[in-house]
Amino acid sequence: MEYLKINQLQLEYQGEKLLYVDKLNVQDGQRIGLIGKNGTGKTTLFNVISQKPVVFSVTGQIQRNCQLAMVAQIISYSKQSGGERERQEIMTAMAQMRHSKNTLLLLDEPTSNLDIGQQQWLIEILNHLKNPYIVISHDRHFLTQTVNTIWYLNDKKVIAYKESFLNFEQDLKKRRENEAIQYHNQIKQIQKLKKAQQRKQQQVNRANRKKKPLSWSEWKNRDYGGKEKHLAHTQKIIKQRIKEETTNIARPYIHKPMTLNNLKWQSSAISIKDNLLRIEPQKITIAQRELFTIATQLKLKTGQKVALTGPNGCGKSVFLSQIVAKTLVEWLNPQAKIGFFRQDFRQETKNKKTVLSEIMQLSLFDKTATLQFLGDLRLQPFLKTTICSLSGGQLVCYKLARVLLGQHDLLILDEPNNFLDLAAIKAVENFLNNYPFAVILVSHDQQFLTNLNFPTWKIKKQQLLLPESDSNQKSIQNNSELELLKFKLAKAISDPNVAIAEVKQLKQKITDLTLPK
């Protein structure tokens with residue numbers, strides 16, 4: 001069954017084309033992921049499909065042979081209620097689908113407010129769903145588990161790829177590599193043409209010089225329709241080709257990682273060996289309600305990075321806020337500067353500075369790296385915009401840039417990847433992996449956490465659990481080494497060719513490992 005058919009759909013605003021769809025359809029068995037950069041029109045396309053009012057001029061055809069159930073993007077102003085609100089909306093849509101078999105489900109960023117357990121719940125629901133669906137998402141783990149078709153919104157067009165998200169990403173990577181190769185080949189071709197043009201110009205110049213045997217009158221009356229004219233014509237053709245090649249060339253986007261070499265401010269008062277933060281064993285509470293217990297002292301040194309995980313409502317955001325507010329039983333290095341990011345959509349109504357002037361004033365990195373990261377967060381078009389004029393999504397990106405680029409010794413980040421597109425998430429991943437100072441991070445994006453691979457403080461059953469301590473790790477290593485030495489000793493004793501000195505050496509090593517420190 002064909003649920004939806006789109007033909008030559010075009011969205012315009014004040015005469016400017018915003019989005020064009022040639023042909024798309026949705027059929028039985030399709031699980032579609034709609035992906036693309038933020039601000040390119042994904043949610044707008046959903047609104048047009050579901051016949052919601054839009055401010056754009058819409059032409060083309062949309063044939064709907066089904067009912068539509070849409071779960072809109074939820075911007076949560078209360079962290080503790082966002083997940084439950086999302087679940088309720090999803091359950092309402094599922095109930096609607098049970099009453100009408102021919103229903104197409106539309107989901108807009110459904111995992112933004114869900115914790116890892118809730119995300120798995122949604123993945124299982126979708127994998128058992130018989131109806132097709134279209135989902136807007138930047139969650140790579142979620143897309144990998146749930147979609148078999150990609151609608152890719154790029155360069156104001158939507159193109160369908162009938163493949164998994166992983167295959168699409170691999171194909172996209174190959175296409176970008178091919179674009180880079182093609183670009184370099186074009187550069188080489190232009191360079192060859194320029195050299196050929198120079199050679200022809202030299203030949204034209206030589207042909208135009210007066211030959212010594214000829215008088216000036218004979219030289220003036222020479223035949224211009226011959227060799228000189230031909231050379232000039234050839235040179236003109238080459239010049240035209242250079243112009244065409246240069247006009248058609250498109251430089252591919254190449255992301256250059258930010259490194260320590262980009263630092264313009266390196267005079268931190270805290271040494272890399274210094275302790276940065278200690279949090280004593282205590283109960284974490286809010287409004288006299290106990291959230292979880294810290295049973296073991298938490299320590300963080302300069303440059304250490306940890307991820308804080310746990311289900312929605314367990315107290316992660318409260319804990320981070322209390323660290324910053326210094327209301328816990330804690331010790332913070334008096335020289336430490338904290339950068340705190342949390343989802344906050346409140347407008348800065350009084351800040352009349354531009355994005356660029358404000359960020360450049362506080363950035364830890366040089367101008368090139370700072371501008372690159374602002375571009376990664378899709379702020380490049382808004383550098384000269386006053387901060388008070390930014391939209392909600394732009395303001396979140398500005399606040400994230402302000403924290404990440406600022407002169408801090410410790411970043412405390414509460415879901416920094418929420419509402420970022422795929423390219424921006426990867427840029428933040430790269431930034432945090434190369435960041436030289438300490439980080440405490442909360443996120444429910446499993447792929448994001450996997451790629452960062454930070455040690456984890458996990459809140460489970462109202463207890464904060466730490467990763468294995470260094471002493472435990474060392475104990476495990478010692479036990480492994482001890483078993484290996486015992487094996488070597490037994491083998492050495494039974495071998496008459498092994499010297500007594502070697503046996504004694506093995507026994508001494510075993511003794512050293514077993515003696516109490």
# chains A, B, ... in the order shown; residues from 1 in each chain; ligands from 1
>>> residues_around(residues="Leu298 in chain A", least_positions_apart="3", cutoff="10 Å", atoms="only C-alpha atoms", output="JSON, numbers by chain")
{"A": [277, 278, 279, 280, 281, 294, 295, 330, 457, 464, 466]}
>>> write_last_selection(atoms="N, CA, C and O atoms", output="CSV table (one decimal), in the first residue's frame")
chain,number,residue,atom,x,y,z
A,277,LEU,N,38.6,18.9,42.3
A,277,LEU,CA,37.3,18.8,42.9
A,277,LEU,C,37.2,17.6,43.8
A,277,LEU,O,37.7,16.5,43.4
A,278,ARG,N,36.7,17.7,45.0
A,278,ARG,CA,36.5,16.5,45.9
A,278,ARG,C,35.0,16.7,46.4
A,278,ARG,O,34.7,17.8,46.9
A,279,ILE,N,34.3,15.6,46.3
A,279,ILE,CA,32.9,15.6,46.8
A,279,ILE,C,32.8,14.5,47.9
A,279,ILE,O,33.1,13.4,47.6
A,280,GLU,N,32.5,14.9,49.1
A,280,GLU,CA,32.4,14.0,50.2
A,280,GLU,C,31.2,13.1,50.1
A,280,GLU,O,30.2,13.4,49.5
A,281,PRO,N,31.2,11.9,50.8
A,281,PRO,CA,30.0,11.1,50.9
A,281,PRO,C,28.9,11.8,51.5
A,281,PRO,O,29.1,12.5,52.6
A,294,ILE,N,25.8,9.4,47.8
A,294,ILE,CA,27.2,9.2,47.4
A,294,ILE,C,27.9,8.5,48.5
A,294,ILE,O,28.0,9.1,49.6
A,295,ALA,N,28.3,7.3,48.4
A,295,ALA,CA,28.9,6.5,49.5
A,295,ALA,C,30.4,6.6,49.5
A,295,ALA,O,31.0,6.3,50.6
A,330,GLU,N,31.7,19.8,49.7
A,330,GLU,CA,32.7,19.6,48.6
A,330,GLU,C,33.8,20.5,48.8
A,330,GLU,O,33.7,21.5,49.5
A,457,TRP,N,30.3,7.8,36.1
A,457,TRP,CA,29.6,7.8,37.4
A,457,TRP,C,28.2,7.5,37.1
A,457,TRP,O,27.5,8.3,36.4
A,464,LEU,N,25.1,6.4,43.8
A,464,LEU,CA,26.0,6.8,42.7
A,464,LEU,C,27.2,5.8,42.7
A,464,LEU,O,27.9,5.6,43.7
A,466,LEU,N,30.7,4.2,41.1
A,466,LEU,CA,31.9,4.7,40.5
A,466,LEU,C,32.5,3.5,39.6
A,466,LEU,O,32.3,2.4,39.9
>>> closest_residue(among="A:Asn430, A:Ser50, A:Asn167, A:Thr327", to="Asp376 in chain A", atoms="only C-alpha atoms")
A:Asn430
>>> atom_distance(atom1="CA of Ile181 in chain A", atom2="CA of Ala160 in chain A")
24.7 Å
>>> select_by_dssp(residues="range 273-393 of chain A", states="alpha helix (DSSP H)", output="PDB file with N, CA, C and O atoms, in the first residue's frame")
ATOM      1  N   LYS A 316      20.386  13.873  38.302  1.00  0.00           N
ATOM      2  CA  LYS A 316      21.638  14.278  37.642  1.00  0.00           C
ATOM      3  C   LYS A 316      21.742  15.793  37.527  1.00  0.00           C
ATOM      4  O   LYS A 316      22.763  16.393  37.893  1.00  0.00           O
ATOM      5  N   SER A 317      20.701  16.434  36.996  1.00  0.00           N
ATOM      6  CA  SER A 317      20.743  17.888  36.794  1.00  0.00           C
ATOM      7  C   SER A 317      20.815  18.633  38.125  1.00  0.00           C
ATOM      8  O   SER A 317      21.510  19.651  38.249  1.00  0.00           O
ATOM      9  N   VAL A 318      20.105  18.126  39.120  1.00  0.00           N
ATOM     10  CA  VAL A 318      20.153  18.730  40.457  1.00  0.00           C
ATOM     11  C   VAL A 318      21.578  18.660  41.003  1.00  0.00           C
ATOM     12  O   VAL A 318      22.119  19.641  41.537  1.00  0.00           O
ATOM     13  N   PHE A 319      22.197  17.513  40.870  1.00  0.00           N
ATOM     14  CA  PHE A 319      23.567  17.291  41.345  1.00  0.00           C
ATOM     15  C   PHE A 319      24.545  18.260  40.684  1.00  0.00           C
ATOM     16  O   PHE A 319      25.369  18.911  41.359  1.00  0.00           O
ATOM     17  N   LEU A 320      24.460  18.400  39.369  1.00  0.00           N
ATOM     18  CA  LEU A 320      25.357  19.312  38.660  1.00  0.00           C
ATOM     19  C   LEU A 320      25.154  20.756  39.127  1.00  0.00           C
ATOM     20  O   LEU A 320      26.114  21.498  39.344  1.00  0.00           O
ATOM     21  N   SER A 321      23.886  21.153  39.268  1.00  0.00           N
ATOM     22  CA  SER A 321      23.593  22.521  39.713  1.00  0.00           C
ATOM     23  C   SER A 321      24.139  22.781  41.112  1.00  0.00           C
ATOM     24  O   SER A 321      24.641  23.880  41.400  1.00  0.00           O
ATOM     25  N   GLN A 322      24.065  21.766  41.979  1.00  0.00           N
ATOM     26  CA  GLN A 322      24.552  21.938  43.347  1.00  0.00           C
ATOM     27  C   GLN A 322      26.082  21.994  43.409  1.00  0.00           C
ATOM     28  O   GLN A 322      26.651  22.673  44.267  1.00  0.00           O
ATOM     29  N   ILE A 323      26.755  21.286  42.490  1.00  0.00           N
ATOM     30  CA  ILE A 323      28.219  21.403  42.412  1.00  0.00           C
ATOM     31  C   ILE A 323      28.594  22.848  42.079  1.00  0.00           C
ATOM     32  O   ILE A 323      29.461  23.457  42.717  1.00  0.00           O
ATOM     33  N   VAL A 324      27.920  23.407  41.067  1.00  0.00           N
ATOM     34  CA  VAL A 324      28.223  24.772  40.622  1.00  0.00           C
ATOM     35  C   VAL A 324      27.877  25.791  41.706  1.00  0.00           C
ATOM     36  O   VAL A 324      28.620  26.745  41.950  1.00  0.00           O
ATOM     37  N   ALA A 325      26.734  25.561  42.363  1.00  0.00           N
ATOM     38  CA  ALA A 325      26.297  26.497  43.411  1.00  0.00           C
ATOM     39  C   ALA A 325      27.083  26.340  44.707  1.00  0.00           C
ATOM     40  O   ALA A 325      26.942  27.155  45.627  1.00  0.00           O
ATOM     41  N   VAL A 355      27.108  38.191  18.418  1.00  0.00           N
ATOM     42  CA  VAL A 355      27.623  36.861  18.763  1.00  0.00           C
ATOM     43  C   VAL A 355      29.145  36.840  18.646  1.00  0.00           C
ATOM     44  O   VAL A 355      29.846  36.372  19.546  1.00  0.00           O
ATOM     45  N   LEU A 356      29.675  37.374  17.544  1.00  0.00           N
ATOM     46  CA  LEU A 356      31.116  37.311  17.305  1.00  0.00           C
ATOM     47  C   LEU A 356      31.899  38.117  18.335  1.00  0.00           C
ATOM     48  O   LEU A 356      32.896  37.625  18.892  1.00  0.00           O
ATOM     49  N   SER A 357      31.475  39.345  18.628  1.00  0.00           N
ATOM     50  CA  SER A 357      32.230  40.179  19.567  1.00  0.00           C
ATOM     51  C   SER A 357      32.232  39.558  20.962  1.00  0.00           C
ATOM     52  O   SER A 357      33.263  39.572  21.649  1.00  0.00           O
ATOM     53  N   GLU A 358      31.104  38.998  21.376  1.00  0.00           N
ATOM     54  CA  GLU A 358      31.011  38.402  22.706  1.00  0.00           C
ATOM     55  C   GLU A 358      31.883  37.152  22.822  1.00  0.00           C
ATOM     56  O   GLU A 358      32.627  36.973  23.790  1.00  0.00           O
ATOM     57  N   ILE A 359      31.809  36.263  21.812  1.00  0.00           N
ATOM     58  CA  ILE A 359      32.557  35.015  21.855  1.00  0.00           C
ATOM     59  C   ILE A 359      34.058  35.271  21.739  1.00  0.00           C
ATOM     60  O   ILE A 359      34.864  34.681  22.461  1.00  0.00           O
ATOM     61  N   MET A 360      34.464  36.167  20.834  1.00  0.00           N
ATOM     62  CA  MET A 360      35.886  36.436  20.658  1.00  0.00           C
ATOM     63  C   MET A 360      36.500  37.030  21.917  1.00  0.00           C
ATOM     64  O   MET A 360      37.679  36.803  22.212  1.00  0.00           O
ATOM     65  N   GLN A 361      35.719  37.781  22.661  1.00  0.00           N
ATOM     66  CA  GLN A 361      36.222  38.407  23.882  1.00  0.00           C
ATOM     67  C   GLN A 361      36.569  37.368  24.943  1.00  0.00           C
ATOM     68  O   GLN A 361      37.519  37.540  25.710  1.00  0.00           O
ATOM     69  N   LEU A 362      35.834  36.266  24.999  1.00  0.00           N
ATOM     70  CA  LEU A 362      36.031  35.292  26.064  1.00  0.00           C
ATOM     71  C   LEU A 362      36.689  33.992  25.611  1.00  0.00           C
ATOM     72  O   LEU A 362      37.042  33.146  26.432  1.00  0.00           O
ATOM     73  N   LYS A 367      41.456  32.880  16.760  1.00  0.00           N
ATOM     74  CA  LYS A 367      40.317  33.313  15.940  1.00  0.00           C
ATOM     75  C   LYS A 367      39.896  32.244  14.935  1.00  0.00           C
ATOM     76  O   LYS A 367      38.702  31.991  14.755  1.00  0.00           O
ATOM     77  N   THR A 368      40.870  31.587  14.306  1.00  0.00           N
ATOM     78  CA  THR A 368      40.554  30.575  13.296  1.00  0.00           C
ATOM     79  C   THR A 368      39.759  29.430  13.902  1.00  0.00           C
ATOM     80  O   THR A 368      38.715  29.020  13.376  1.00  0.00           O
ATOM     81  N   ALA A 369      40.253  28.895  15.026  1.00  0.00           N
ATOM     82  CA  ALA A 369      39.575  27.775  15.678  1.00  0.00           C
ATOM     83  C   ALA A 369      38.207  28.198  16.211  1.00  0.00           C
ATOM     84  O   ALA A 369      37.228  27.443  16.128  1.00  0.00           O
ATOM     85  N   THR A 370      38.122  29.400  16.754  1.00  0.00           N
ATOM     86  CA  THR A 370      36.851  29.897  17.297  1.00  0.00           C
ATOM     87  C   THR A 370      35.805  30.027  16.199  1.00  0.00           C
ATOM     88  O   THR A 370      34.663  29.567  16.355  1.00  0.00           O
ATOM     89  N   LEU A 371      36.180  30.619  15.068  1.00  0.00           N
ATOM     90  CA  LEU A 371      35.240  30.771  13.951  1.00  0.00           C
ATOM     91  C   LEU A 371      34.821  29.414  13.392  1.00  0.00           C
ATOM     92  O   LEU A 371      33.667  29.224  13.013  1.00  0.00           O
ATOM     93  N   GLN A 372      35.769  28.480  13.347  1.00  0.00           N
ATOM     94  CA  GLN A 372      35.433  27.148  12.852  1.00  0.00           C
ATOM     95  C   GLN A 372      34.382  26.487  13.739  1.00  0.00           C
ATOM     96  O   GLN A 372      33.408  25.915  13.254  1.00  0.00           O
ATOM     97  N   PHE A 373      34.571  26.578  15.063  1.00  0.00           N
ATOM     98  CA  PHE A 373      33.623  25.931  15.969  1.00  0.00           C
ATOM     99  C   PHE A 373      32.257  26.612  15.927  1.00  0.00           C
ATOM    100  O   PHE A 373      31.227  25.951  16.015  1.00  0.00           O
ATOM    101  N   LEU A 374      32.238  27.934  15.795  1.00  0.00           N
ATOM    102  CA  LEU A 374      30.963  28.634  15.646  1.00  0.00           C
ATOM    103  C   LEU A 374      30.252  28.172  14.370  1.00  0.00           C
ATOM    104  O   LEU A 374      29.027  28.038  14.343  1.00  0.00           O
ATOM    105  N   GLY A 375      31.033  27.916  13.322  1.00  0.00           N
ATOM    106  CA  GLY A 375      30.458  27.368  12.094  1.00  0.00           C
ATOM    107  C   GLY A 375      29.921  25.974  12.310  1.00  0.00           C
ATOM    108  O   GLY A 375      28.839  25.624  11.806  1.00  0.00           O
ATOM    109  N   ASP A 376      30.645  25.142  13.074  1.00  0.00           N
ATOM    110  CA  ASP A 376      30.183  23.783  13.377  1.00  0.00           C
ATOM    111  C   ASP A 376      28.841  23.798  14.107  1.00  0.00           C
ATOM    112  O   ASP A 376      28.021  22.889  13.939  1.00  0.00           O
ATOM    113  N   GLY A 392      15.325  30.672  19.730  1.00  0.00           N
ATOM    114  CA  GLY A 392      15.575  29.723  20.815  1.00  0.00           C
ATOM    115  C   GLY A 392      16.703  28.757  20.516  1.00  0.00           C
ATOM    116  O   GLY A 392      17.641  28.590  21.308  1.00  0.00           O
ATOM    117  N   GLY A 393      16.658  28.112  19.336  1.00  0.00           N
ATOM    118  CA  GLY A 393      17.684  27.148  18.969  1.00  0.00           C
ATOM    119  C   GLY A 393      19.042  27.791  18.790  1.00  0.00           C
ATOM    120  O   GLY A 393      20.080  27.242  19.200  1.00  0.00           O
TER     121      GLY A 393
END
>>> atom_distance(atom1="CA of Met97 in chain A", atom2="CA of Ile49 in chain A")
17.2 Å
>>> atom_distance(atom1="CA of Glu177 in chain A", atom2="CA of Lys156 in chain A")
21.7 Å
>>> residues_around(residues="range 23-40 of chain A", least_positions_apart="4", cutoff="6 Å", atoms="only C-alpha atoms", output="ChimeraX atom specification")
/A:1-7,132-136,147-153,421
>>> select_by_dssp(residues="range 277-443 of chain A", states="strand (DSSP E or B)", output="PyMOL selection string")
chain A and resi 277-279+282-286+289-294+298-301+305-309+330-332+338-341+354+365+386+410-414+438-442
